file work.csv (CSV, C-alpha atoms)
chain,number,residue,atom,x,y,z
A,30,MET,CA,5.2,3.8,28.6
A,31,ARG,CA,3.2,0.9,27.2
A,32,GLN,CA,1.1,3.3,25.1
A,33,LEU,CA,4.3,4.8,23.7
A,34,PHE,CA,5.6,1.5,22.8
A,35,ILE,CA,2.5,0.5,21.0
A,36,ALA,CA,2.3,3.8,19.2
A,37,SER,CA,5.9,3.5,18.0
A,38,LEU,CA,5.5,0.0,16.7
A,39,LEU,CA,2.2,0.8,15.0
A,40,ALA,CA,4.0,3.5,13.0
A,41,ALA,CA,5.8,0.6,11.2
A,42,VAL,CA,2.6,-1.3,10.4
A,43,PRO,CA,1.2,-0.8,6.9
A,44,LEU,CA,-2.5,-0.1,7.3
A,45,LEU,CA,-5.2,-0.2,4.8
A,46,ALA,CA,-4.6,2.3,2.0
A,47,HIS,CA,-8.3,3.4,2.0
A,48,ALA,CA,-11.3,3.0,4.1
A,49,ASP,CA,-13.7,1.1,1.8
A,50,ALA,CA,-13.9,-2.3,3.5
A,51,ALA,CA,-16.1,-3.8,0.8
A,52,ASP,CA,-13.7,-2.8,-2.0
A,53,ASP,CA,-10.8,-4.1,0.1
A,54,ALA,CA,-12.6,-7.4,0.7
A,55,ILE,CA,-13.3,-7.8,-3.1
A,56,GLU,CA,-9.7,-7.1,-4.0
A,57,ALA,CA,-8.5,-9.6,-1.4
A,58,ARG,CA,-10.8,-12.4,-2.4
A,59,GLU,CA,-10.2,-11.9,-6.1
A,60,GLY,CA,-6.4,-12.1,-5.5
A,61,TYR,CA,-7.0,-15.2,-3.3
A,62,MET,CA,-8.9,-16.9,-6.1
A,63,LYS,CA,-6.3,-15.8,-8.7
A,64,MET,CA,-3.5,-17.4,-6.6
A,65,LEU,CA,-5.5,-20.7,-6.4
A,66,SER,CA,-6.0,-20.5,-10.2
A,67,ILE,CA,-2.3,-19.9,-11.0
A,68,ASN,CA,-1.3,-22.9,-8.9
A,69,MET,CA,-4.1,-25.1,-10.2
A,70,ALA,CA,-3.0,-24.2,-13.8
A,71,THR,CA,0.5,-25.5,-13.0
A,72,LEU,CA,-1.0,-28.8,-11.7
A,73,ALA,CA,-3.5,-29.1,-14.5
A,74,GLY,CA,-1.0,-28.2,-17.3
A,75,THR,CA,1.4,-30.7,-16.0
A,76,ALA,CA,-1.2,-33.4,-15.7
A,77,LYS,CA,-2.3,-32.7,-19.4
A,78,GLY,CA,1.4,-32.9,-20.5
A,79,GLU,CA,1.3,-29.2,-21.6
A,80,ILE,CA,3.9,-28.4,-19.0
A,81,PRO,CA,7.0,-30.7,-18.7
A,82,PHE,CA,6.9,-32.6,-15.4
A,83,ASP,CA,8.9,-30.8,-12.7
A,84,GLN,CA,8.6,-32.2,-9.2
A,85,ALA,CA,9.7,-29.1,-7.5
A,86,ALA,CA,7.2,-26.9,-9.4
A,87,VAL,CA,4.4,-29.4,-8.8
A,88,THR,CA,5.1,-29.7,-5.1
A,89,ALA,CA,5.3,-25.9,-4.7
A,90,ALA,CA,2.0,-25.4,-6.5
A,91,ALA,CA,0.2,-28.0,-4.4
A,92,SER,CA,1.8,-26.7,-1.2
A,93,ASN,CA,0.7,-23.2,-2.1
A,94,ILE,CA,-2.9,-24.3,-2.5
A,95,GLU,CA,-2.6,-26.1,0.9
A,96,ALA,CA,-1.2,-22.9,2.5
A,97,LEU,CA,-4.0,-20.8,1.0
A,98,SER,CA,-6.6,-23.3,2.3
A,99,LYS,CA,-5.4,-22.6,5.8
A,100,TYR,CA,-6.5,-19.0,5.5
A,101,ASN,CA,-9.5,-19.5,7.8
A,102,THR,CA,-11.7,-16.6,7.1
A,103,VAL,CA,-12.2,-16.6,3.3
A,104,PRO,CA,-16.0,-16.6,3.7
A,105,ALA,CA,-15.6,-13.6,5.9
A,106,LEU,CA,-14.1,-11.7,3.0
A,107,PHE,CA,-17.6,-11.8,1.4
A,108,ILE,CA,-18.6,-9.0,3.8
A,109,PRO,CA,-22.0,-7.3,3.7
A,110,GLY,CA,-22.0,-4.6,1.1
A,111,SER,CA,-19.6,-6.4,-1.3
A,112,GLY,CA,-22.1,-8.3,-3.4
A,113,PRO,CA,-23.8,-7.7,-6.8
A,114,ALA,CA,-26.9,-6.5,-4.9
A,115,ASP,CA,-24.7,-3.6,-3.6
A,116,GLY,CA,-23.8,-2.5,-7.1
A,117,LYS,CA,-20.3,-4.1,-6.8
A,118,GLU,CA,-18.7,-5.7,-9.8
A,119,THR,CA,-18.1,-9.2,-8.6
A,120,GLU,CA,-18.5,-12.8,-9.8
A,121,ALA,CA,-20.0,-13.8,-6.5
A,122,LEU,CA,-23.7,-14.7,-6.7
A,123,PRO,CA,-26.3,-13.4,-4.3
A,124,ALA,CA,-26.5,-16.9,-2.9
A,125,VAL,CA,-23.2,-16.2,-1.0
A,126,TRP,CA,-25.2,-13.8,1.3
A,127,GLU,CA,-28.5,-15.7,1.1
A,128,LYS,CA,-27.0,-19.0,2.2
A,129,PRO,CA,-23.9,-18.2,4.3
A,130,GLU,CA,-23.8,-21.5,6.1
A,131,GLU,CA,-23.9,-23.5,2.9
A,132,PHE,CA,-21.2,-21.2,1.5
A,133,ALA,CA,-19.0,-21.7,4.6
A,134,ALA,CA,-19.5,-25.4,4.3
A,135,LYS,CA,-18.2,-25.4,0.7
A,136,TYR,CA,-15.1,-23.6,1.9
A,137,THR,CA,-14.6,-26.2,4.7
A,138,ALA,CA,-14.9,-28.9,2.0
A,139,PHE,CA,-12.2,-27.2,0.0
A,140,GLN,CA,-9.9,-27.0,3.1
A,141,THR,CA,-10.4,-30.8,3.6
A,142,ALA,CA,-9.6,-31.5,0.0
A,143,ALA,CA,-6.5,-29.4,0.1
A,144,ALA,CA,-5.1,-30.9,3.3
A,145,GLY,CA,-2.0,-32.8,2.6
A,146,ALA,CA,-1.9,-31.8,-1.1
A,147,GLY,CA,1.8,-30.9,-1.0
A,148,GLU,CA,2.8,-34.3,0.3
A,149,ALA,CA,0.3,-36.1,-2.0
A,150,VAL,CA,1.9,-34.9,-5.2
A,151,ALA,CA,5.4,-36.1,-4.1
A,152,GLY,CA,4.7,-39.4,-5.9
A,153,GLY,CA,5.4,-38.0,-9.3
A,154,GLN,CA,3.2,-37.5,-12.4
A,155,ASP,CA,0.8,-40.4,-11.6
A,156,ALA,CA,0.1,-38.8,-8.2
A,157,LEU,CA,-1.4,-35.7,-9.9
A,158,GLY,CA,-4.7,-37.1,-11.1
A,159,PRO,CA,-6.2,-38.0,-7.8
A,160,VAL,CA,-5.1,-34.7,-6.2
A,161,LEU,CA,-6.5,-32.6,-9.0
A,162,GLN,CA,-9.7,-34.5,-8.9
A,163,LYS,CA,-10.2,-33.7,-5.2
A,164,LEU,CA,-9.2,-30.1,-5.6
A,165,GLY,CA,-11.1,-29.5,-8.8
A,166,GLY,CA,-14.2,-31.2,-7.4
A,167,ALA,CA,-14.1,-28.8,-4.4
A,168,CYS,CA,-13.6,-25.8,-6.6
A,169,LYS,CA,-16.4,-26.8,-8.9
A,170,ALA,CA,-18.9,-27.7,-6.1
A,171,CYS,CA,-18.6,-24.1,-4.7
A,172,HIS,CA,-18.5,-22.3,-8.1
A,173,ASP,CA,-21.6,-24.1,-9.3
A,174,ASP,CA,-23.7,-22.6,-6.6
A,175,PHE,CA,-21.9,-19.4,-5.6
A,176,ARG,CA,-20.1,-18.0,-8.6
A,177,LYS,CA,-21.4,-16.6,-11.9
A,178,ALA,CA,-21.2,-19.0,-14.8
A,179,ASP,CA,-18.6,-18.1,-17.4
B,20,MET,CA,-8.1,-44.8,-20.5
B,21,ARG,CA,-5.7,-42.7,-18.5
B,22,GLN,CA,-5.9,-39.8,-21.0
B,23,LEU,CA,-9.7,-40.0,-20.8
B,24,PHE,CA,-9.6,-39.9,-17.0
B,25,ILE,CA,-7.3,-36.8,-17.0
B,26,ALA,CA,-9.5,-35.1,-19.6
B,27,SER,CA,-12.7,-35.6,-17.6
B,28,LEU,CA,-11.3,-34.3,-14.4
B,29,LEU,CA,-9.7,-31.3,-16.0
B,30,ALA,CA,-13.2,-30.3,-17.2
B,31,ALA,CA,-13.8,-29.6,-13.5
B,32,VAL,CA,-10.8,-27.5,-12.9
B,33,PRO,CA,-11.3,-23.8,-13.1
B,34,LEU,CA,-8.6,-22.4,-15.3
B,35,LEU,CA,-7.3,-18.9,-15.7
B,36,ALA,CA,-10.0,-16.6,-16.9
B,37,HIS,CA,-7.7,-14.9,-19.4
B,38,ALA,CA,-4.3,-15.4,-20.8
B,39,ASP,CA,-2.4,-12.3,-19.5
B,40,ALA,CA,0.0,-13.8,-17.0
B,41,ALA,CA,1.4,-10.4,-15.9
B,42,ASP,CA,-2.1,-9.0,-15.1
B,43,ASP,CA,-2.9,-12.3,-13.3
B,44,ALA,CA,0.2,-12.0,-11.2
B,45,ILE,CA,-0.5,-8.4,-10.4
B,46,GLU,CA,-4.1,-9.2,-9.3
B,47,ALA,CA,-2.9,-12.1,-7.3
B,48,ARG,CA,-0.1,-10.3,-5.4
B,49,GLU,CA,-2.3,-7.2,-4.7
B,50,GLY,CA,-4.9,-9.5,-3.2
B,51,TYR,CA,-2.3,-11.2,-1.2
B,52,MET,CA,-1.0,-7.9,0.3
B,53,LYS,CA,-4.6,-6.9,0.9
B,54,MET,CA,-5.3,-10.0,2.9
B,55,LEU,CA,-2.2,-9.4,5.0
B,56,SER,CA,-3.3,-5.8,5.5
B,57,ILE,CA,-6.8,-6.7,6.6
B,58,ASN,CA,-5.4,-9.1,9.2
B,59,MET,CA,-2.7,-6.7,10.3
B,60,ALA,CA,-5.4,-4.1,10.8
B,61,THR,CA,-7.3,-6.4,13.2
B,62,LEU,CA,-4.1,-7.0,15.2
B,63,ALA,CA,-3.1,-3.3,15.2
B,64,GLY,CA,-6.6,-2.0,15.9
B,65,THR,CA,-6.8,-4.4,18.9
B,66,ALA,CA,-3.4,-3.4,20.2
B,67,LYS,CA,-4.3,0.3,20.0
B,68,GLY,CA,-7.6,-0.4,21.8
B,69,GLU,CA,-9.7,0.8,18.8
B,70,ILE,CA,-11.1,-2.8,18.5
B,71,PRO,CA,-12.3,-4.5,21.7
B,72,PHE,CA,-10.0,-7.4,22.6
B,73,ASP,CA,-11.4,-10.7,21.1
B,74,GLN,CA,-9.1,-13.7,21.5
B,75,ALA,CA,-10.8,-15.7,18.7
B,76,ALA,CA,-10.5,-12.8,16.2
B,77,VAL,CA,-6.9,-12.0,17.1
B,78,THR,CA,-5.9,-15.7,16.8
B,79,ALA,CA,-7.7,-16.0,13.5
B,80,ALA,CA,-5.9,-12.9,12.2
B,81,ALA,CA,-2.5,-14.0,13.3
B,82,SER,CA,-3.1,-17.5,12.0
B,83,ASN,CA,-4.2,-16.1,8.6
B,84,ILE,CA,-1.0,-14.1,8.3
B,85,GLU,CA,1.0,-17.3,9.2
B,86,ALA,CA,-1.0,-19.3,6.6
B,87,LEU,CA,-0.3,-16.6,3.9
B,88,SER,CA,3.4,-16.7,4.8
B,89,LYS,CA,3.5,-20.3,3.9
B,90,TYR,CA,2.6,-19.4,0.3
B,91,ASN,CA,6.1,-20.1,-0.9
B,92,THR,CA,6.3,-18.3,-4.3
B,93,VAL,CA,5.1,-14.8,-3.6
B,94,PRO,CA,8.3,-13.4,-5.2
B,95,ALA,CA,7.5,-15.5,-8.3
B,96,LEU,CA,4.3,-13.5,-8.6
B,97,PHE,CA,6.5,-10.5,-9.6
B,98,ILE,CA,7.0,-12.0,-13.0
B,99,PRO,CA,8.9,-10.3,-15.8
B,100,GLY,CA,6.6,-7.9,-17.6
B,101,SER,CA,4.5,-7.0,-14.5
B,102,GLY,CA,6.6,-4.0,-13.3
B,103,PRO,CA,6.3,-0.2,-13.7
B,104,ALA,CA,8.9,-0.4,-16.5
B,105,ASP,CA,6.4,-2.5,-18.5
B,106,GLY,CA,3.8,0.2,-18.2
B,107,LYS,CA,1.8,-1.7,-15.5
B,108,GLU,CA,0.1,0.2,-12.7
B,109,THR,CA,1.8,-1.3,-9.7
B,110,GLU,CA,3.2,-0.2,-6.4
B,111,ALA,CA,6.2,-2.4,-6.9
B,112,LEU,CA,9.4,-0.5,-7.5
B,113,PRO,CA,11.9,-1.4,-10.3
B,114,ALA,CA,14.2,-2.7,-7.5
B,115,VAL,CA,12.0,-5.9,-7.3
B,116,TRP,CA,13.4,-6.9,-10.8
B,117,GLU,CA,16.8,-5.3,-10.3
B,118,LYS,CA,17.6,-7.1,-7.0
B,119,PRO,CA,15.6,-10.3,-7.1
B,120,GLU,CA,17.8,-12.0,-4.5
B,121,GLU,CA,17.4,-9.2,-2.0
B,122,PHE,CA,13.7,-9.1,-2.6
B,123,ALA,CA,13.4,-12.9,-2.1
B,124,ALA,CA,15.4,-12.6,1.1
B,125,LYS,CA,13.0,-10.0,2.5
B,126,TYR,CA,10.1,-12.4,1.8
B,127,THR,CA,12.0,-15.2,3.6
B,128,ALA,CA,12.5,-12.8,6.6
B,129,PHE,CA,8.7,-12.2,6.6
B,130,GLN,CA,8.1,-15.9,6.6
B,131,THR,CA,10.4,-16.3,9.6
B,132,ALA,CA,8.7,-13.4,11.4
B,133,ALA,CA,5.2,-15.0,10.8
B,134,ALA,CA,6.1,-18.5,11.9
B,135,GLY,CA,4.2,-19.3,15.0
B,136,ALA,CA,2.2,-16.0,15.1
B,137,GLY,CA,-1.1,-17.8,15.6
B,138,GLU,CA,0.2,-19.5,18.8
B,139,ALA,CA,2.1,-16.4,19.9
B,140,VAL,CA,-1.0,-14.2,20.3
B,141,ALA,CA,-2.8,-16.8,22.4
B,142,GLY,CA,-1.4,-15.0,25.5
B,143,GLY,CA,-4.0,-12.3,25.3
B,144,GLN,CA,-3.7,-8.5,24.8
B,145,ASP,CA,-0.2,-8.3,26.2
B,146,ALA,CA,1.1,-10.8,23.7
B,147,LEU,CA,0.1,-8.6,20.7
B,148,GLY,CA,2.9,-6.1,21.0
B,149,PRO,CA,5.9,-8.3,20.3
B,150,VAL,CA,4.1,-10.2,17.5
B,151,LEU,CA,3.1,-6.9,15.8
B,152,GLN,CA,6.6,-5.6,16.2
B,153,LYS,CA,8.1,-8.6,14.4
B,154,LEU,CA,5.5,-8.7,11.7
B,155,GLY,CA,5.4,-4.9,11.2
B,156,GLY,CA,9.2,-4.8,11.1
B,157,ALA,CA,9.3,-7.4,8.3
B,158,CYS,CA,6.6,-5.6,6.3
B,159,LYS,CA,8.3,-2.3,6.6
B,160,ALA,CA,11.8,-3.7,5.8
B,161,CYS,CA,10.5,-4.9,2.4
B,162,HIS,CA,8.3,-2.0,1.7
B,163,ASP,CA,11.1,0.5,2.3
B,164,ASP,CA,13.1,-0.9,-0.5
B,165,PHE,CA,10.7,-2.5,-2.9
B,166,ARG,CA,7.3,-0.6,-2.7
B,167,LYS,CA,6.4,3.0,-3.7
B,168,ALA,CA,6.3,5.4,-0.8
B,169,ASP,CA,2.7,6.4,0.1

call {"tool": "encode", "arguments": {"input": "work.csv", "output": "structure tokens"}}
result
Amino acid sequence: MRQLFIASLLAAVPLLAHADAADDAIEAREGYMKMLSINMATLAGTAKGEIPFDQAAVTAAASNIEALSKYNTVPALFIPGSGPADGKETEALPAVWEKPEEFAAKYTAFQTAAAGAGEAVAGGQDALGPVLQKLGGACKACHDDFRKAD
Amino acid sequence: MRQLFIASLLAAVPLLAHADAADDAIEAREGYMKMLSINMATLAGTAKGEIPFDQAAVTAAASNIEALSKYNTVPALFIPGSGPADGKETEALPAVWEKPEEFAAKYTAFQTAAAGAGEAVAGGQDALGPVLQKLGGACKACHDDFRKAD
């Protein structure tokens, strides 16, 4: 009975489209970084005055970054076999796999920087600078050591 | 002084690598769905007994899904110009752009289904079924109408 129940509900669960876990991890982490980037662009563009100030948009962007930072296993997406040494096209440097604890620590630092970001930008245009500085600093600290230079 | 401060901190902010907003949105949303899928696979595999029960892994997976559900602007990633009618390779159906309110409502339903998922699976193996049923149901409800059939 229980097995039948489980089987029937699993029919509704969308499973991985293909079996290559490394490619799945690369696609997942690239999308993750792209989402961060899209929301950072909203904050940065607003801070620079290129985007007219819109409190709702700024709060949504900062809250999105905060939500993404609560995804706890981003470093786990850099699974064995998904690096440049494995012939994969990726911006991740070999250091990700050579220094996993330092890499995980950089992610924890980003999580700390992002905590409360949604609330922190509620103070209007002037509140953006300090939030961007914290977030941008955490991004850069990790990218410097673990991502290919542009 | 203020402009200088903003300019110096923006130098640290990683901006979008290229200017095609539609391609960025597609990459972002595909990574988002892939992250959901990876975590759903952990829950489903454990429910089926294919993955040995590991409370920490199950809690992390359910918490990750909950964190992703707090990304508030997923429907906004389906920006104009990023659909099949625009010649883009995407699993999204034209219905996404034809019925944006229904599409957004499906996302809201997923957010409701995912709320509390991390806590809900704390009850061990037997707690998995109801959580999977809620999450899987929300996934399927949206995919049925808005994603290409496999």

call {"tool": "calpha_fit_and_write", "arguments": {"input": "work.csv", "fixed": "chain A", "moving": "chain B", "output": "CSV table (one decimal) with C-alpha atoms, in the frame of the given file"}}
result
chain,number,residue,atom,x,y,z
B,20,MET,CA,5.4,3.7,28.6
B,21,ARG,CA,3.3,0.9,27.2
B,22,GLN,CA,1.2,3.3,25.2
B,23,LEU,CA,4.3,4.8,23.8
B,24,PHE,CA,5.7,1.4,22.9
B,25,ILE,CA,2.5,0.4,21.0
B,26,ALA,CA,2.4,3.8,19.2
B,27,SER,CA,6.0,3.5,18.0
B,28,LEU,CA,5.5,0.0,16.6
B,29,LEU,CA,2.3,0.8,15.0
B,30,ALA,CA,4.1,3.5,13.0
B,31,ALA,CA,5.7,0.5,11.2
B,32,VAL,CA,2.6,-1.3,10.4
B,33,PRO,CA,1.2,-0.8,7.0
B,34,LEU,CA,-2.4,-0.1,7.3
B,35,LEU,CA,-5.2,-0.2,4.8
B,36,ALA,CA,-4.6,2.2,2.0
B,37,HIS,CA,-8.2,3.4,2.0
B,38,ALA,CA,-11.3,3.0,4.1
B,39,ASP,CA,-13.7,1.1,1.8
B,40,ALA,CA,-13.9,-2.3,3.5
B,41,ALA,CA,-16.1,-3.8,0.8
B,42,ASP,CA,-13.7,-2.9,-2.0
B,43,ASP,CA,-10.8,-4.2,0.2
B,44,ALA,CA,-12.6,-7.5,0.6
B,45,ILE,CA,-13.4,-7.8,-3.0
B,46,GLU,CA,-9.7,-7.1,-4.0
B,47,ALA,CA,-8.5,-9.5,-1.4
B,48,ARG,CA,-10.8,-12.4,-2.3
B,49,GLU,CA,-10.2,-12.0,-6.1
B,50,GLY,CA,-6.5,-12.2,-5.5
B,51,TYR,CA,-7.0,-15.2,-3.4
B,52,MET,CA,-8.9,-17.0,-6.2
B,53,LYS,CA,-6.3,-15.9,-8.6
B,54,MET,CA,-3.5,-17.4,-6.6
B,55,LEU,CA,-5.4,-20.7,-6.4
B,56,SER,CA,-6.0,-20.5,-10.2
B,57,ILE,CA,-2.4,-19.9,-11.0
B,58,ASN,CA,-1.4,-22.9,-8.9
B,59,MET,CA,-4.2,-25.1,-10.2
B,60,ALA,CA,-3.0,-24.2,-13.7
B,61,THR,CA,0.5,-25.5,-13.0
B,62,LEU,CA,-1.0,-28.8,-11.7
B,63,ALA,CA,-3.5,-29.1,-14.6
B,64,GLY,CA,-1.0,-28.1,-17.3
B,65,THR,CA,1.5,-30.7,-15.9
B,66,ALA,CA,-1.2,-33.4,-15.8
B,67,LYS,CA,-2.3,-32.7,-19.4
B,68,GLY,CA,1.4,-32.8,-20.5
B,69,GLU,CA,1.3,-29.2,-21.7
B,70,ILE,CA,4.0,-28.4,-19.0
B,71,PRO,CA,7.0,-30.7,-18.7
B,72,PHE,CA,6.8,-32.6,-15.4
B,73,ASP,CA,8.9,-30.8,-12.7
B,74,GLN,CA,8.6,-32.2,-9.2
B,75,ALA,CA,9.7,-29.0,-7.4
B,76,ALA,CA,7.2,-26.9,-9.3
B,77,VAL,CA,4.3,-29.3,-8.8
B,78,THR,CA,5.1,-29.6,-5.0
B,79,ALA,CA,5.4,-25.9,-4.7
B,80,ALA,CA,2.0,-25.4,-6.5
B,81,ALA,CA,0.2,-28.0,-4.4
B,82,SER,CA,1.8,-26.7,-1.2
B,83,ASN,CA,0.7,-23.1,-2.1
B,84,ILE,CA,-2.9,-24.3,-2.5
B,85,GLU,CA,-2.7,-26.1,0.9
B,86,ALA,CA,-1.2,-22.9,2.5
B,87,LEU,CA,-4.1,-20.8,1.0
B,88,SER,CA,-6.6,-23.3,2.3
B,89,LYS,CA,-5.4,-22.6,5.8
B,90,TYR,CA,-6.5,-19.0,5.5
B,91,ASN,CA,-9.4,-19.5,7.8
B,92,THR,CA,-11.8,-16.6,7.0
B,93,VAL,CA,-12.2,-16.5,3.3
B,94,PRO,CA,-16.0,-16.6,3.7
B,95,ALA,CA,-15.6,-13.5,6.0
B,96,LEU,CA,-14.1,-11.7,3.0
B,97,PHE,CA,-17.6,-11.8,1.4
B,98,ILE,CA,-18.7,-9.0,3.8
B,99,PRO,CA,-22.1,-7.3,3.7
B,100,GLY,CA,-22.1,-4.6,1.0
B,101,SER,CA,-19.6,-6.4,-1.3
B,102,GLY,CA,-22.2,-8.3,-3.4
B,103,PRO,CA,-23.8,-7.7,-6.8
B,104,ALA,CA,-26.9,-6.5,-5.0
B,105,ASP,CA,-24.8,-3.6,-3.6
B,106,GLY,CA,-23.8,-2.6,-7.1
B,107,LYS,CA,-20.3,-4.1,-6.9
B,108,GLU,CA,-18.7,-5.8,-9.9
B,109,THR,CA,-18.2,-9.2,-8.6
B,110,GLU,CA,-18.5,-12.8,-9.8
B,111,ALA,CA,-20.0,-13.8,-6.5
B,112,LEU,CA,-23.7,-14.7,-6.8
B,113,PRO,CA,-26.4,-13.4,-4.3
B,114,ALA,CA,-26.5,-16.9,-2.9
B,115,VAL,CA,-23.2,-16.2,-1.0
B,116,TRP,CA,-25.2,-13.8,1.3
B,117,GLU,CA,-28.5,-15.7,1.1
B,118,LYS,CA,-27.0,-19.1,2.2
B,119,PRO,CA,-24.0,-18.2,4.3
B,120,GLU,CA,-23.9,-21.5,6.1
B,121,GLU,CA,-23.9,-23.5,2.8
B,122,PHE,CA,-21.2,-21.2,1.4
B,123,ALA,CA,-19.0,-21.6,4.6
B,124,ALA,CA,-19.5,-25.4,4.3
B,125,LYS,CA,-18.2,-25.5,0.7
B,126,TYR,CA,-15.1,-23.6,1.9
B,127,THR,CA,-14.6,-26.1,4.7
B,128,ALA,CA,-14.9,-28.9,2.1
B,129,PHE,CA,-12.2,-27.2,0.0
B,130,GLN,CA,-10.0,-27.0,3.1
B,131,THR,CA,-10.4,-30.7,3.6
B,132,ALA,CA,-9.7,-31.5,0.0
B,133,ALA,CA,-6.4,-29.4,0.1
B,134,ALA,CA,-5.1,-30.9,3.4
B,135,GLY,CA,-2.0,-32.8,2.6
B,136,ALA,CA,-1.9,-31.8,-1.2
B,137,GLY,CA,1.8,-30.8,-1.0
B,138,GLU,CA,2.8,-34.3,0.3
B,139,ALA,CA,0.3,-36.1,-2.0
B,140,VAL,CA,1.9,-34.9,-5.2
B,141,ALA,CA,5.4,-36.0,-4.1
B,142,GLY,CA,4.7,-39.4,-5.9
B,143,GLY,CA,5.4,-37.9,-9.3
B,144,GLN,CA,3.2,-37.5,-12.4
B,145,ASP,CA,0.9,-40.4,-11.5
B,146,ALA,CA,0.0,-38.8,-8.2
B,147,LEU,CA,-1.4,-35.6,-9.9
B,148,GLY,CA,-4.6,-37.1,-11.1
B,149,PRO,CA,-6.3,-37.9,-7.7
B,150,VAL,CA,-5.1,-34.7,-6.1
B,151,LEU,CA,-6.5,-32.6,-9.0
B,152,GLN,CA,-9.7,-34.6,-8.9
B,153,LYS,CA,-10.2,-33.7,-5.2
B,154,LEU,CA,-9.2,-30.1,-5.5
B,155,GLY,CA,-11.1,-29.5,-8.8
B,156,GLY,CA,-14.2,-31.2,-7.4
B,157,ALA,CA,-14.2,-28.8,-4.4
B,158,CYS,CA,-13.6,-25.8,-6.6
B,159,LYS,CA,-16.4,-26.7,-8.9
B,160,ALA,CA,-18.8,-27.7,-6.1
B,161,CYS,CA,-18.6,-24.1,-4.8
B,162,HIS,CA,-18.5,-22.4,-8.0
B,163,ASP,CA,-21.6,-24.1,-9.3
B,164,ASP,CA,-23.7,-22.6,-6.6
B,165,PHE,CA,-22.0,-19.4,-5.6
B,166,ARG,CA,-20.1,-18.0,-8.6
B,167,LYS,CA,-21.4,-16.6,-12.0
B,168,ALA,CA,-21.3,-19.0,-14.8
B,169,ASP,CA,-18.5,-18.1,-17.3

call {"tool": "atom_distance", "arguments": {"input": "work.csv", "atom1": "atom CA of Tyr126 of chain B", "atom2": "atom CA of Ile94 of chain A"}}
result
18.1 Å

call {"tool": "closest_residue", "arguments": {"input": "work.csv", "among": "B:Ala146, B:Ala66, B:Ala47, B:Ala139", "to": "chain A", "atoms": "all atoms listed in the file"}}
result
B:Ala47

call {"tool": "residues_around", "arguments": {"input": "work.csv", "residues": "segment 60-64 of chain B", "least_positions_apart": "3", "cutoff": "7 Å", "atoms": "only C-alpha atoms", "output": "list in words"}}
result
Leu39 and Leu44 of chain A; Ser56, Ile57, Lys67, Gly68, Glu69, Ile70, Val77 and Ala80 of chain B

call {"tool": "residues_around", "arguments": {"input": "work.csv", "residues": "segment 96-104 of chain A", "least_positions_apart": "3", "cutoff": "9 Å", "atoms": "only C-alpha atoms", "output": "PyMOL selection string"}}
result
(chain A and resi 58+61+64-65+91-93+107-108+125+129+132-133+136-137+139-141+143-144) or (chain B and resi 79-80+82-91)

call {"tool": "write_last_selection", "arguments": {"input": "work.csv", "atoms": "C-alpha atoms", "output": "tab-separated table (two decimals), in the frame of the given file"}}
result
chain	number	residue	atom	x	y	z
A	58	ARG	CA	-10.80	-12.40	-2.40
A	61	TYR	CA	-7.00	-15.20	-3.30
A	64	MET	CA	-3.50	-17.40	-6.60
A	65	LEU	CA	-5.50	-20.70	-6.40
A	91	ALA	CA	0.20	-28.00	-4.40
A	92	SER	CA	1.80	-26.70	-1.20
A	93	ASN	CA	0.70	-23.20	-2.10
A	107	PHE	CA	-17.60	-11.80	1.40
A	108	ILE	CA	-18.60	-9.00	3.80
A	125	VAL	CA	-23.20	-16.20	-1.00
A	129	PRO	CA	-23.90	-18.20	4.30
A	132	PHE	CA	-21.20	-21.20	1.50
A	133	ALA	CA	-19.00	-21.70	4.60
A	136	TYR	CA	-15.10	-23.60	1.90
A	137	THR	CA	-14.60	-26.20	4.70
A	139	PHE	CA	-12.20	-27.20	0.00
A	140	GLN	CA	-9.90	-27.00	3.10
A	141	THR	CA	-10.40	-30.80	3.60
A	143	ALA	CA	-6.50	-29.40	0.10
A	144	ALA	CA	-5.10	-30.90	3.30
B	79	ALA	CA	-7.70	-16.00	13.50
B	80	ALA	CA	-5.90	-12.90	12.20
B	82	SER	CA	-3.10	-17.50	12.00
B	83	ASN	CA	-4.20	-16.10	8.60
B	84	ILE	CA	-1.00	-14.10	8.30
B	85	GLU	CA	1.00	-17.30	9.20
B	86	ALA	CA	-1.00	-19.30	6.60
B	87	LEU	CA	-0.30	-16.60	3.90
B	88	SER	CA	3.40	-16.70	4.80
B	89	LYS	CA	3.50	-20.30	3.90
B	90	TYR	CA	2.60	-19.40	0.30
B	91	ASN	CA	6.10	-20.10	-0.90

call {"tool": "atom_distance", "arguments": {"input": "work.csv", "atom1": "atom CA of Gly112 of chain A", "atom2": "atom CA of Thr109 of chain B"}}
result
25.7 Å

call {"tool": "residues_near_point", "arguments": {"input": "work.csv", "point": "(-16.1, -1.3, 2.5)", "cutoff": "9 Å", "atoms": "only C-alpha atoms", "output": "list in words"}}
result
Ala48, Asp49, Ala50, Ala51, Asp52, Asp53, Ala54, Ile108, Pro109, Gly110 and Ser111 of chain A

call {"tool": "write_last_selection", "arguments": {"input": "work.csv", "atoms": "C-alpha atoms", "output": "PDB file, in the frame of the given file"}}
result
ATOM      1  CA  ALA A  48     -11.300   3.000   4.100  1.00  0.00           C
ATOM      2  CA  ASP A  49     -13.700   1.100   1.800  1.00  0.00           C
ATOM      3  CA  ALA A  50     -13.900  -2.300   3.500  1.00  0.00           C
ATOM      4  CA  ALA A  51     -16.100  -3.800   0.800  1.00  0.00           C
ATOM      5  CA  ASP A  52     -13.700  -2.800  -2.000  1.00  0.00           C
ATOM      6  CA  ASP A  53     -10.800  -4.100   0.100  1.00  0.00           C
ATOM      7  CA  ALA A  54     -12.600  -7.400   0.700  1.00  0.00           C
ATOM      8  CA  ILE A 108     -18.600  -9.000   3.800  1.00  0.00           C
ATOM      9  CA  PRO A 109     -22.000  -7.300   3.700  1.00  0.00           C
ATOM     10  CA  GLY A 110     -22.000  -4.600   1.100  1.00  0.00           C
ATOM     11  CA  SER A 111     -19.600  -6.400  -1.300  1.00  0.00           C
TER      12      SER A 111
END
